[in-house]
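Q: Got a file for you: query-v5.cif, mmCIF, C-alpha atoms and all ligand atoms.
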data_query
#
loop_
_atom_site.label_atom_id
_atom_site.label_comp_id
_atom_site.auth_asym_id
_atom_site.auth_seq_id
_atom_site.Cartn_x
_atom_site.Cartn_y
_atom_site.Cartn_z
CA MET A 12 0.00 0.00 0.00
CA GLU A 13 1.28 3.47 -0.91
CA ARG A 14 2.41 5.32 2.25
CA LYS A 15 1.30 8.90 2.82
CA LEU A 16 4.51 9.83 4.60
CA PRO A 17 6.59 12.27 2.52
CA PHE A 18 9.75 10.20 2.22
CA GLN A 19 12.28 11.98 -0.04
CA TRP A 20 15.43 10.65 -1.68
CA GLN A 21 17.43 11.62 1.44
CA HIS A 22 15.23 9.38 3.54
CA ASN A 23 15.51 6.54 1.07
CA GLU A 24 19.30 6.83 1.04
CA PHE A 25 19.29 6.93 4.81
CA ARG A 26 17.13 3.79 4.94
CA GLU A 27 19.58 1.95 2.72
CA ALA A 28 22.62 3.09 4.71
CA PHE A 29 21.04 2.33 8.08
CA GLY A 30 19.88 -1.09 6.91
CA ALA A 31 23.41 -1.92 5.70
CA PHE A 32 24.78 -0.73 9.05
CA LEU A 33 22.41 -3.06 10.93
CA ASP A 34 23.28 -6.01 8.70
CA LYS A 35 26.95 -5.50 9.55
CA GLU A 36 26.92 -4.26 13.15
CA ALA A 37 23.79 -5.75 14.74
CA VAL A 38 22.39 -8.82 12.96
CA PRO A 39 25.52 -11.02 13.33
CA TYR A 40 25.77 -10.32 17.08
CA TYR A 41 22.11 -10.28 18.05
CA ASP A 42 21.85 -13.87 19.34
CA GLN A 43 24.89 -13.27 21.51
CA TRP A 44 23.36 -10.07 22.89
CA CYS A 45 20.17 -11.99 23.70
CA GLU A 46 22.21 -14.51 25.68
CA GLN A 47 23.99 -11.68 27.51
CA HIS A 48 20.68 -9.80 28.03
CA MET A 49 22.38 -6.63 26.88
CA VAL A 50 23.21 -4.58 23.81
CA PRO A 51 26.81 -3.50 24.46
CA HIS A 52 27.86 0.11 24.82
CA GLU A 53 30.12 -0.29 21.78
CA TYR A 54 27.06 -0.70 19.56
CA PHE A 55 25.79 2.76 20.57
CA GLU A 56 29.28 4.15 19.92
CA LYS A 57 29.32 2.58 16.44
CA MET A 58 25.94 4.11 15.74
CA GLY A 59 27.28 7.47 16.84
CA GLN A 60 30.40 7.16 14.69
CA ALA A 61 28.20 6.33 11.71
CA GLY A 62 26.07 9.43 12.42
CA PHE A 63 22.86 7.52 13.19
CA MET A 64 22.28 8.59 16.81
CA ALA A 65 19.96 11.52 17.58
CA MET A 66 20.10 13.00 14.09
CA TRP A 67 17.55 15.65 15.03
CA VAL A 68 20.05 17.34 17.38
CA ASP A 69 21.08 20.84 16.31
CA LYS A 70 24.37 21.09 14.40
CA LYS A 71 25.90 23.28 17.10
CA TYR A 72 25.71 20.30 19.46
CA GLY A 73 27.13 17.90 16.89
CA GLY A 74 23.88 16.58 15.42
CA ALA A 75 22.69 16.52 11.82
CA GLY A 76 20.10 19.22 12.51
CA CYS A 77 17.13 17.19 11.24
CA THR A 78 14.92 18.79 13.89
CA ALA A 79 11.28 17.78 13.70
CA ASP A 80 11.92 15.34 10.84
CA TYR A 81 10.58 12.28 12.58
CA LEU A 82 10.78 10.31 9.36
CA TYR A 83 14.36 9.35 10.20
CA THR A 84 13.22 7.95 13.54
CA VAL A 85 10.40 6.08 11.80
CA ILE A 86 12.87 4.58 9.33
CA LYS A 87 15.12 3.44 12.16
CA ALA A 88 12.15 1.78 13.89
CA GLU A 89 11.12 0.05 10.66
CA GLU A 90 14.61 -1.16 9.80
CA TYR A 91 15.11 -2.58 13.29
CA SER A 92 11.73 -4.35 13.21
CA LYS A 93 12.23 -5.72 9.71
CA ARG A 94 15.20 -7.66 11.05
CA GLY A 95 13.50 -8.69 14.30
CA LEU A 96 15.93 -6.47 16.28
CA ASN A 97 13.27 -5.43 18.80
CA CYS A 98 15.69 -5.08 21.70
CA ILE A 99 18.00 -2.33 20.51
CA PHE A 100 16.86 0.76 22.41
CA SER A 101 19.13 3.31 20.76
CA ARG A 102 15.99 5.34 20.04
CA LEU A 103 15.25 5.52 23.76
CA SER A 104 18.60 7.19 24.38
CA GLY A 105 18.80 9.40 21.30
CA ASP A 106 15.21 10.08 20.33
CA VAL A 107 13.18 9.81 23.54
CA VAL A 108 15.35 10.87 26.50
CA ALA A 109 17.78 13.30 24.85
CA PRO A 110 14.87 15.61 23.85
CA TYR A 111 14.18 16.19 27.58
CA ILE A 112 17.64 17.77 27.79
CA ALA A 113 17.43 19.53 24.42
CA GLU A 114 14.00 21.08 24.98
CA ASP A 115 13.74 21.45 28.74
CA GLY A 116 17.34 21.47 29.98
CA SER A 117 19.72 24.38 30.46
CA GLU A 118 22.24 25.54 27.86
CA GLU A 119 25.02 24.05 30.01
CA GLN A 120 23.22 20.70 30.06
CA ARG A 121 22.77 20.79 26.29
CA GLN A 122 26.45 21.50 25.75
CA LYS A 123 27.50 18.86 28.23
CA TRP A 124 25.28 15.97 27.17
CA LEU A 125 24.01 16.29 23.61
CA PRO A 126 27.35 16.00 21.74
CA LYS A 127 28.15 12.85 23.72
CA VAL A 128 24.72 11.33 23.05
CA VAL A 129 25.12 12.06 19.33
CA LYS A 130 28.51 10.32 19.33
CA GLY A 131 27.11 7.38 21.28
CA GLU A 132 29.64 7.99 24.03
CA VAL A 133 26.80 8.50 26.49
CA VAL A 134 23.74 6.23 26.64
CA LEU A 135 20.63 7.56 28.36
CA GLY A 136 17.59 6.01 30.02
CA VAL A 137 14.60 7.37 31.91
CA CYS A 138 13.46 6.32 35.40
CA MET A 139 9.81 6.88 36.19
CA THR A 140 8.47 3.51 37.38
CA GLU A 141 8.97 2.39 40.98
CA PRO A 142 8.21 -0.98 42.59
CA ASP A 143 5.03 0.46 44.15
CA HIS A 144 4.18 3.06 41.49
CA GLY A 145 3.89 2.14 37.82
CA SER A 146 0.69 3.38 36.23
CA ASP A 147 0.16 5.88 39.07
CA LEU A 148 3.26 7.84 38.15
CA ALA A 149 2.09 10.95 40.00
CA ASN A 150 2.58 9.18 43.33
CA ILE A 151 6.26 8.24 42.99
CA GLU A 152 8.22 8.28 46.23
CA THR A 153 11.91 8.49 45.31
CA SER A 154 12.94 11.55 47.29
CA ALA A 155 15.32 14.37 46.46
CA VAL A 156 15.96 16.53 49.49
CA ASP A 157 17.39 20.01 48.95
CA MET A 158 20.73 20.16 50.75
CA GLY A 159 21.80 23.60 49.54
CA ASP A 160 24.01 23.06 46.51
CA TYR A 161 22.95 19.46 45.93
CA TYR A 162 19.99 17.08 46.26
CA LEU A 163 20.19 13.94 48.36
CA VAL A 164 18.37 11.20 46.45
CA ASN A 165 16.93 8.01 47.96
CA GLY A 166 14.62 5.45 46.39
CA THR A 167 14.29 2.63 43.88
CA LYS A 168 13.23 2.61 40.23
CA THR A 169 12.30 -0.53 38.38
CA PHE A 170 11.88 -1.86 34.82
CA ILE A 171 14.38 0.68 33.54
CA SER A 172 15.26 0.13 29.88
CA ASN A 173 18.98 0.63 29.10
CA GLY A 174 19.29 0.51 32.89
CA MET A 175 22.57 -1.40 32.93
CA VAL A 176 24.22 0.14 29.89
CA ALA A 177 23.20 3.76 30.58
CA ASP A 178 25.81 6.33 31.59
CA ALA A 179 23.17 8.75 32.82
CA LEU A 180 19.51 8.50 33.72
CA VAL A 181 16.78 11.11 33.75
CA VAL A 182 15.12 10.34 37.07
CA ALA A 183 11.70 11.48 38.27
CA VAL A 184 12.01 12.41 41.95
CA ARG A 185 9.79 13.92 44.60
CA THR A 186 11.08 17.34 45.58
CA ASP A 187 7.93 18.56 47.33
CA PRO A 188 6.25 15.95 49.53
CA ASN A 189 3.64 18.54 50.61
CA ALA A 190 2.54 19.66 47.13
CA SER A 191 -1.18 20.46 46.81
CA LYS A 192 -1.44 17.60 44.30
CA PRO A 193 1.16 14.80 44.07
CA HIS A 194 2.12 15.53 40.44
CA ARG A 195 3.02 19.11 41.40
CA GLY A 196 5.89 17.91 43.60
CA ILE A 197 7.89 16.01 40.98
CA SER A 198 11.18 17.12 39.39
CA LEU A 199 13.58 15.58 36.89
CA LEU A 200 17.25 15.07 37.67
CA ILE A 201 20.05 13.84 35.45
CA ILE A 202 21.87 11.25 37.54
CA GLU A 203 25.15 9.77 36.32
CA THR A 204 25.20 6.03 36.95
CA ASP A 205 28.75 6.13 38.33
CA ARG A 206 27.75 8.36 41.24
CA GLU A 207 28.34 6.89 44.68
CA GLY A 208 25.19 5.24 46.00
CA VAL A 209 23.76 4.15 42.61
CA SER A 210 23.36 0.38 42.25
CA ARG A 211 21.75 -1.64 39.48
CA HIS A 212 20.73 -5.19 38.72
CA LEU A 213 19.26 -6.87 35.70
CA ILE A 214 15.65 -8.13 35.69
CA PRO A 215 15.30 -11.42 33.78
CA LYS A 216 12.18 -11.50 31.56
CA ILE A 217 10.32 -13.66 29.04
CA GLY A 218 10.98 -11.54 25.95
CA LEU A 219 13.07 -8.65 24.62
CA GLN A 220 16.01 -10.74 25.76
CA ALA A 221 18.75 -8.40 24.58
CA GLN A 222 17.12 -5.30 26.02
CA ASP A 223 18.60 -4.68 29.44
CA THR A 224 15.84 -3.94 31.92
CA ALA A 225 17.11 -3.06 35.36
CA GLU A 226 16.18 -2.15 38.86
CA VAL A 227 18.11 0.97 39.87
CA SER A 228 18.55 1.99 43.51
CA PHE A 229 19.68 5.34 44.86
CA GLU A 230 21.06 5.40 48.37
CA ASN A 231 22.09 8.82 49.66
CA VAL A 232 23.17 9.87 46.18
CA LYS A 233 24.43 13.45 46.02
CA VAL A 234 23.23 15.13 42.83
CA PRO A 235 24.39 18.67 42.03
CA LYS A 236 21.70 21.30 41.58
CA GLU A 237 22.87 21.95 38.01
CA ASN A 238 21.54 18.47 37.12
CA LEU A 239 17.93 19.61 37.57
CA ILE A 240 16.06 19.64 34.23
CA GLY A 241 13.87 22.73 33.94
CA GLN A 242 12.18 24.07 37.03
CA GLU A 243 11.81 22.34 40.35
CA ASN A 244 8.42 20.63 40.77
CA ARG A 245 7.60 20.95 37.05
CA GLY A 246 8.97 17.51 36.11
CA PHE A 247 5.61 15.85 35.62
CA TYR A 248 4.65 18.44 33.00
CA VAL A 249 7.92 17.83 31.15
CA LEU A 250 7.21 14.10 31.09
CA MET A 251 3.68 14.69 29.81
CA HIS A 252 4.91 17.09 27.14
CA HIS A 253 7.05 14.36 25.57
CA LEU A 254 4.46 11.61 25.83
CA GLU A 255 2.84 12.18 22.44
CA ALA A 256 6.10 11.65 20.55
CA GLU A 257 6.97 8.66 22.72
CA ARG A 258 3.64 6.96 22.08
CA ILE A 259 3.91 7.50 18.35
CA MET A 260 7.41 6.05 18.33
CA ALA A 261 6.34 3.10 20.49
CA ALA A 262 3.57 2.48 17.95
CA TYR A 263 6.08 2.38 15.08
CA GLY A 264 8.04 -0.23 17.02
CA SER A 265 4.91 -2.33 17.50
CA ILE A 266 3.64 -2.01 13.94
CA GLY A 267 7.08 -3.01 12.69
CA THR A 268 6.78 -6.14 14.77
CA VAL A 269 3.43 -6.88 13.13
CA GLU A 270 4.95 -6.55 9.68
CA HIS A 271 7.89 -8.79 10.56
CA SER A 272 5.67 -11.52 12.07
CA LEU A 273 3.52 -11.47 8.94
CA SER A 274 6.44 -11.66 6.58
CA LEU A 275 8.00 -14.58 8.51
CA THR A 276 4.66 -16.39 8.39
CA ALA A 277 3.89 -15.66 4.75
CA ASP A 278 7.24 -17.25 3.83
CA TYR A 279 6.77 -20.21 6.13
CA VAL A 280 3.30 -21.23 4.94
CA LYS A 281 4.53 -21.41 1.36
CA GLN A 282 7.32 -23.82 2.32
CA ARG A 283 5.58 -25.99 4.90
CA LYS A 284 3.68 -28.95 3.43
CA ILE A 285 0.85 -30.70 5.26
CA PHE A 286 -1.35 -33.41 3.76
CA GLY A 287 0.88 -33.21 0.69
CA ALA A 288 0.11 -29.56 -0.08
CA PRO A 289 1.63 -26.21 0.93
CA LEU A 290 0.06 -24.79 4.07
CA SER A 291 -0.59 -21.63 2.08
CA SER A 292 -3.02 -23.49 -0.21
CA PHE A 293 -5.53 -24.03 2.61
CA GLN A 294 -8.31 -21.51 2.84
CA ASN A 295 -7.92 -21.05 6.59
CA THR A 296 -4.31 -19.93 6.05
CA GLN A 297 -5.29 -17.54 3.28
CA PHE A 298 -8.16 -16.01 5.24
CA LYS A 299 -6.12 -15.63 8.43
CA LEU A 300 -3.27 -13.91 6.57
CA ALA A 301 -5.70 -11.74 4.61
CA GLU A 302 -7.33 -10.70 7.87
CA MET A 303 -4.04 -9.88 9.57
CA TYR A 304 -2.62 -7.95 6.61
CA THR A 305 -5.82 -5.91 6.53
CA GLU A 306 -5.56 -5.11 10.24
CA TYR A 307 -1.90 -4.19 9.72
CA ASN A 308 -2.65 -1.80 6.87
CA LEU A 309 -5.50 -0.12 8.72
CA ALA A 310 -3.32 0.44 11.77
CA LEU A 311 -0.33 1.64 9.75
CA ASN A 312 -2.50 4.10 7.85
CA PHE A 313 -3.95 5.52 11.05
CA LEU A 314 -0.49 5.72 12.61
CA ASP A 315 0.99 7.54 9.61
CA ASN A 316 -1.88 10.04 9.82
CA VAL A 317 -1.23 10.65 13.52
CA LEU A 318 2.46 11.22 12.74
CA LEU A 319 1.62 13.65 9.95
CA ASP A 320 -0.62 15.59 12.36
CA TYR A 321 2.14 15.59 14.94
CA MET A 322 4.76 16.81 12.46
CA ALA A 323 2.37 19.53 11.30
CA GLY A 324 2.17 20.74 14.92
CA LYS A 325 -1.50 19.88 15.29
CA LYS A 326 -2.72 20.26 18.86
CA ASP A 327 -5.05 17.95 20.76
CA ILE A 328 -3.82 14.66 19.33
CA ASN A 329 -3.26 13.11 22.73
CA THR A 330 -6.29 10.83 22.34
CA GLU A 331 -5.13 9.60 18.92
CA CYS A 332 -1.60 8.99 20.24
CA SER A 333 -2.94 6.79 23.03
CA MET A 334 -5.34 5.02 20.64
CA ILE A 335 -2.57 4.06 18.28
CA LYS A 336 -0.05 3.23 21.01
CA TYR A 337 -2.32 0.67 22.64
CA TYR A 338 -3.87 -0.61 19.42
CA THR A 339 -0.56 -1.39 17.71
CA SER A 340 0.88 -3.11 20.77
CA GLU A 341 -2.25 -5.25 21.14
CA LEU A 342 -2.13 -6.00 17.41
CA ALA A 343 1.56 -6.95 17.63
CA PHE A 344 0.74 -9.57 20.22
CA SER A 345 -2.46 -10.84 18.64
CA VAL A 346 -0.80 -11.17 15.22
CA ALA A 347 2.26 -12.89 16.71
CA ASP A 348 -0.07 -15.30 18.50
CA ARG A 349 -2.02 -16.13 15.34
CA CYS A 350 1.23 -16.52 13.41
CA VAL A 351 2.70 -18.88 16.01
CA GLN A 352 -0.40 -21.03 15.54
CA MET A 353 0.38 -21.38 11.84
CA PHE A 354 3.88 -22.59 12.60
CA GLY A 355 2.41 -25.45 14.69
CA GLY A 356 4.84 -26.84 17.27
CA TYR A 357 7.76 -25.13 15.55
CA GLY A 358 6.25 -21.81 16.52
CA ILE A 359 7.21 -22.20 20.16
CA CYS A 360 10.77 -23.41 19.58
CA THR A 361 13.04 -20.73 20.96
CA GLU A 362 15.35 -20.73 17.96
CA MET A 363 12.44 -19.81 15.66
CA PRO A 364 12.24 -16.05 15.03
CA ILE A 365 8.43 -16.14 15.32
CA ALA A 366 8.71 -17.41 18.91
CA ARG A 367 10.93 -14.44 19.72
CA GLN A 368 8.41 -12.09 18.09
CA PHE A 369 5.65 -13.55 20.26
CA CYS A 370 7.57 -13.05 23.53
CA ASP A 371 8.78 -9.57 22.55
CA ALA A 372 5.30 -8.45 21.54
CA ARG A 373 3.84 -9.52 24.88
CA ILE A 374 5.96 -6.90 26.61
CA MET A 375 4.98 -4.06 24.27
CA ARG A 376 1.55 -3.97 25.89
CA PHE A 377 3.19 -2.63 29.10
CA MET A 378 6.11 -0.56 27.95
CA GLY A 379 5.57 3.18 27.65
CA GLY A 380 2.29 2.95 29.57
CA THR A 381 -0.06 -0.02 29.63
CA THR A 382 -3.00 -0.59 27.34
CA GLU A 383 -5.37 0.19 30.22
CA THR A 384 -3.60 3.49 30.91
CA GLN A 385 -3.93 4.43 27.23
CA MET A 386 -7.59 3.43 27.22
CA GLY A 387 -8.14 5.71 30.20
CA VAL A 388 -6.65 8.60 28.20
CA VAL A 389 -8.82 7.72 25.19
CA ALA A 390 -11.98 7.54 27.28
CA GLY A 391 -11.11 10.89 28.88
CA GLY A 392 -10.48 12.42 25.47
CA LEU A 393 -13.86 11.18 24.28
CA GLY A 394 -15.49 12.74 27.33
CA ILE A 395 -16.60 9.37 28.69
CA LYS A 396 -16.43 9.72 32.45
C1 LIG A 401 10.40 -4.26 29.38
C2 LIG A 401 9.93 -3.05 30.08
C3 LIG A 401 10.63 -1.87 29.93
C4 LIG A 401 10.24 -0.73 30.63
N1 LIG A 401 10.99 0.42 30.52
C5 LIG A 401 10.74 1.45 31.37
C6 LIG A 401 11.64 2.57 31.43
O1 LIG A 401 12.61 2.65 30.69
N2 LIG A 401 11.37 3.54 32.34
C7 LIG A 401 10.30 3.49 33.18
O2 LIG A 401 10.14 4.40 33.97
N3 LIG A 401 9.44 2.45 33.13
C8 LIG A 401 9.64 1.43 32.27
N4 LIG A 401 8.78 0.35 32.23
C9 LIG A 401 7.67 0.31 33.16
C10 LIG A 401 6.33 0.43 32.53
O3 LIG A 401 6.11 1.73 32.10
C11 LIG A 401 5.35 -0.06 33.61
O4 LIG A 401 5.44 -1.46 33.62
C12 LIG A 401 3.94 0.39 33.35
O5 LIG A 401 3.84 1.77 33.50
C13 LIG A 401 2.96 -0.30 34.30
O6 LIG A 401 3.34 -0.21 35.63
P1 LIG A 401 3.38 -1.55 36.50
O7 LIG A 401 4.17 -2.56 35.77
O8 LIG A 401 3.81 -1.16 37.87
O9 LIG A 401 1.90 -2.06 36.53
P2 LIG A 401 0.72 -1.56 37.50
O10 LIG A 401 0.68 -0.08 37.49
O11 LIG A 401 0.86 -2.25 38.80
O12 LIG A 401 -0.54 -2.12 36.74
C14 LIG A 401 -1.08 -3.41 36.95
C15 LIG A 401 -2.27 -3.59 36.04
O13 LIG A 401 -3.27 -2.63 36.38
C16 LIG A 401 -3.71 -2.02 35.17
N5 LIG A 401 -4.23 -0.67 35.41
C17 LIG A 401 -3.59 0.50 35.42
N6 LIG A 401 -4.43 1.52 35.60
C18 LIG A 401 -5.66 0.97 35.69
C19 LIG A 401 -6.96 1.50 35.88
N7 LIG A 401 -7.17 2.81 36.03
N8 LIG A 401 -7.99 0.63 35.94
C20 LIG A 401 -7.81 -0.69 35.82
N9 LIG A 401 -6.59 -1.26 35.63
C21 LIG A 401 -5.54 -0.44 35.57
C22 LIG A 401 -2.47 -1.97 34.33
O14 LIG A 401 -2.78 -1.72 32.98
C23 LIG A 401 -1.92 -3.35 34.57
O15 LIG A 401 -2.59 -4.26 33.75
C24 LIG A 401 9.12 -0.76 31.48
C25 LIG A 401 8.37 -1.95 31.59
C26 LIG A 401 8.76 -3.07 30.91
C27 LIG A 401 7.97 -4.33 31.09
#
Could you render the structure from this file as structure tokens?

A:
Amino acid sequence: MERKLPFQWQHNEFREAFGAFLDKEAVPYYDQWCEQHMVPHEYFEKMGQAGFMAMWVDKKYGGAGCTADYLYTVIKAEEYSKRGLNCIFSRLSGDVVAPYIAEDGSEEQRQKWLPKVVKGEVVLGVCMTEPDHGSDLANIETSAVDMGDYYLVNGTKTFISNGMVADALVVAVRTDPNASKPHRGISLLIIETDREGVSRHLIPKIGLQAQDTAEVSFENVKVPKENLIGQENRGFYVLMHHLEAERIMAAYGSIGTVEHSLSLTADYVKQRKIFGAPLSSFQNTQFKLAEMYTEYNLALNFLDNVLLDYMAGKKDINTECSMIKYYTSELAFSVADRCVQMFGGYGICTEMPIARQFCDARIMRFMGGTTETQMGVVAGGLGIK
């Protein structure tokens, strides 16, 4: 189906170059990274050297200056998904977390961090979730007490993507325990992971094996005041401001997974013979694939439209962003499930790429805000209370 996104020759050249980069620097090592439960720091550095990290960053901070051209980020998402590389969270560092610093940080913070993120020398992550506060983000408890020229940070964050590999984390902390409403007492701090009192451990999980997900603890960590992003107690608003872009990008990750599951399955059913005939010749197979390709195209079309609205600066697309975030993640899992069924017993063998798709897709329904959280936003946007 013809895409509505305005890809130009520059984008097409970029797609080719980035795809070739992945074939050389990621695909051959991916199984090993899954076993190690981590994408190594060197990969981010290679991406930086090749000029693929945070391309939107202004040229004065070392970027390519492709500000607001989200098509490059979309292409990266699609090229990763096409190869089943669902675990490489370079976009989290360069395209999701770095914008907090670029848009809401101080000039000193921009100069300090952005060039290093662009080069891949620094990997970033974001810490919102806590063991007792996931969906109810506004009630986080990690404390940052004002000690004059520094904050003293105590608390634990969990399910942190890039948690082990990250050099610095943007951490949501409570700076005003007496705020009139809980979300009004939250601030964002940049915390270097080599600071005394920061400890991390990996969380084993059923999918996204190469994506390091960590629990990060802060015990009497001294964080200089200059590491505060934006104004004190305005952190929640900064997080919300970036949510639309994050949900759109999460949706491109999920829809890419749908496409990859379908392409793996379309190939398989043509090769697999049952009762002396290709599996593809049975009407059930044809109907199921027809149904799933239709769902895929409908979702992709809607997603591309949301992105076009976002790039055009259209306001009030929060509802649509949540709709497409949850819908694509649910579709990724439901399609992977239906595809596994077509592989029969082979579908659950861990060495089969479709099995990996299935496990990875299960997690997408949580990451970046659960389906139920998104549905709450949608219902609110529709005025259903
Ligand atoms: C692989 C992975 C990577 C992640 N990466 C990050 C990261 O980098 N940084 C970060 O901060 N967090 C990260 N998260 C955390 C993720 O954002 C949380 O898992 C998510 O916000 C849900 O929080 P929770 O897991 O505590 O579930 P809970 O909040 O305990 O939710 C439990 C269940 O209740 C449902 N629920 C929520 N609200 C309602 C409601 N109003 N009514 C009914 N049911 C409801 C939820 O949808 C869910 O099904 C990651 C999670 C995973 C799994």

Q: Any idea what's packed within 9 Å of Arg195 in chain A, counting all atoms listed in the file, ignoring anything in its chain fewer than 5 positions away? Could you give it as a PyMOL selection string?

A: chain A and resi 149+187+190+244-248

Q: Using all atoms listed in the file and a cutoff of 10 Å, can you tell me which residues are near (6.0, -1.2, 45.5) in the file's coordinates, and write them out as number ranges by chain?

A: A: 140-145, 151-152, 167-169

Q: Show me, as a tab-separated table, the residues of chain A having an atom within 9 Å of ligand LIG 401 (chain A), each with the closest atom pair and its distance in Å, using all atoms listed in the file.

A:
residue	atom	partner	partner_atom	distance
A:Leu103	CA	A:LIG401	O1	8.0
A:Gly136	CA	A:LIG401	O1	6.0
A:Val137	CA	A:LIG401	N2	5.0
A:Cys138	CA	A:LIG401	O2	4.1
A:Met139	CA	A:LIG401	O2	3.3
A:Thr140	CA	A:LIG401	O2	3.9
A:Glu141	CA	A:LIG401	O8	7.0
A:Pro142	CA	A:LIG401	O8	6.5
A:Asp143	CA	A:LIG401	O8	6.6
A:His144	CA	A:LIG401	O8	5.6
A:Gly145	CA	A:LIG401	O6	3.3
A:Ser146	CA	A:LIG401	O10	3.7
A:Asp147	CA	A:LIG401	O10	6.2
A:Leu148	CA	A:LIG401	O5	7.7
A:Lys168	CA	A:LIG401	O2	7.2
A:Thr169	CA	A:LIG401	N3	6.7
A:Phe170	CA	A:LIG401	C24	4.5
A:Ile171	CA	A:LIG401	O1	3.9
A:Ser172	CA	A:LIG401	O1	3.7
A:Asn173	CA	A:LIG401	O1	6.9
A:Gly174	CA	A:LIG401	O1	7.4
A:Val182	CA	A:LIG401	O2	8.3
A:Ala183	CA	A:LIG401	O2	8.4
A:Lys216	CA	A:LIG401	C1	7.8
A:Gly218	CA	A:LIG401	C1	8.1
A:Leu219	CA	A:LIG401	C1	7.0
A:Gln222	CA	A:LIG401	C1	7.6
A:Asp223	CA	A:LIG401	C1	8.2
A:Thr224	CA	A:LIG401	C3	5.9
A:Ala225	CA	A:LIG401	C3	8.5
A:Asp371	CA	A:LIG401	C1	8.8
A:Ile374	CA	A:LIG401	C27	5.5
A:Met375	CA	A:LIG401	C27	7.5
A:Arg376	CA	A:LIG401	C27	8.3
A:Phe377	CA	A:LIG401	O4	5.2
A:Met378	CA	A:LIG401	C25	4.5
A:Gly379	CA	A:LIG401	O3	4.7
A:Gly380	CA	A:LIG401	O5	4.4
A:Thr381	CA	A:LIG401	O14	4.6
A:Thr382	CA	A:LIG401	O14	5.8
A:Glu383	CA	A:LIG401	O14	4.2
A:Thr384	CA	A:LIG401	N6	5.2
A:Gln385	CA	A:LIG401	O14	8.5
A:Met386	CA	A:LIG401	N7	8.8
A:Gly387	CA	A:LIG401	N7	6.6

Q: Using all atoms listed in the file, find the one residue out of A:Gly166, A:Gly95, A:Gly116, A:Pro126 that sits nearest to Glu270 in chain A.

A: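 So, comparing all the options, the nearest one is A:Gly95.
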
Q: Rounded to one decimal, what separation in Å do you get between CA of Asp327 in chain A and CA of Gly392 in chain A?

A: 9.1 Å

Q: Find the residues near Asn316 in chain A: any atom within 9 Å, counting only C-alpha atoms, skip ones fewer than 5 places away on the same chain, and give them as a ChimeraX atom specification.

A: /A:15-16,311,321

Q: Restricting it to C-alpha atoms, dump the selection as an mmCIF file, in the frame of the given file.

A:
data_model
loop_
_atom_site.group_PDB
_atom_site.id
_atom_site.type_symbol
_atom_site.label_atom_id
_atom_site.label_comp_id
_atom_site.auth_asym_id
_atom_site.auth_seq_id
_atom_site.Cartn_x
_atom_site.Cartn_y
_atom_site.Cartn_z
ATOM 1 C CA LYS A 15 1.300 8.900 2.820
ATOM 2 C CA LEU A 16 4.510 9.830 4.600
ATOM 3 C CA LEU A 311 -0.330 1.640 9.750
ATOM 4 C CA TYR A 321 2.140 15.590 14.940
#

Q: Calculated over all atoms listed in the file, which of the candidates A:Cys350, A:Ala288, A:Cys77, A:Leu318 has the smallest distance to Met303 in chain A?

A: A:Cys350

Q: Taking only C-alpha atoms into account, which of A:Asn329, A:Gln120, A:Gln294, A:Thr268 comes nearest Ser345 in chain A?

A: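 Checking each of A:Asn329, A:Gln120, A:Gln294, A:Thr268 against Ser345 in chain A, counting only C-alpha atoms, the winner is A:Thr268.
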
Q: Tell me which of A:Trp67, A:Tyr81, A:Phe354, A:Phe32 sits closest to Phe18 in chain A, counting all atoms listed in the file.

A: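 Distance minimum relative to Phe18 in chain A lands on A:Tyr81.
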
Q: Record the distance separating CA of Asn150 in chain A and CA of His194 in chain A, expressed in Å with one decimal.

A: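 Computing the Euclidean distance for CA of Asn150 in chain A and CA of His194 in chain A yields 7.0 Å.
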
Q: Hey, can you check how far CA of Arg367 in chain A sits from CA of Ala88 in chain A?

A: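 That distance, rounded to one decimal, is 17.3 Å.
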
Q: Between A:Leu342, A:Ala75, A:Cys332, A:Val134, which has the minimum distance to Ala179 in chain A (counting all atoms listed in the file)?

A: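 Nearest to Ala179 in chain A: A:Val134.
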
Q: In terms of the shortest atom-to-atom distance over all atoms listed in the file, which of A:Val85, A:Leu180, A:Leu163, A:Val249 is closest to Gly208 in chain A?

A: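 Counting all atoms listed in the file, the residue closest to Gly208 in chain A is A:Leu163.
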
Q: Do you know which residues are at most 10 Å from Glu207 in chain A counting only C-alpha atoms, after dropping those on the same chain fewer than 2 positions away, and could you put them as a PyMOL selection string?

A: chain A and resi 203-205+209-210+229-234
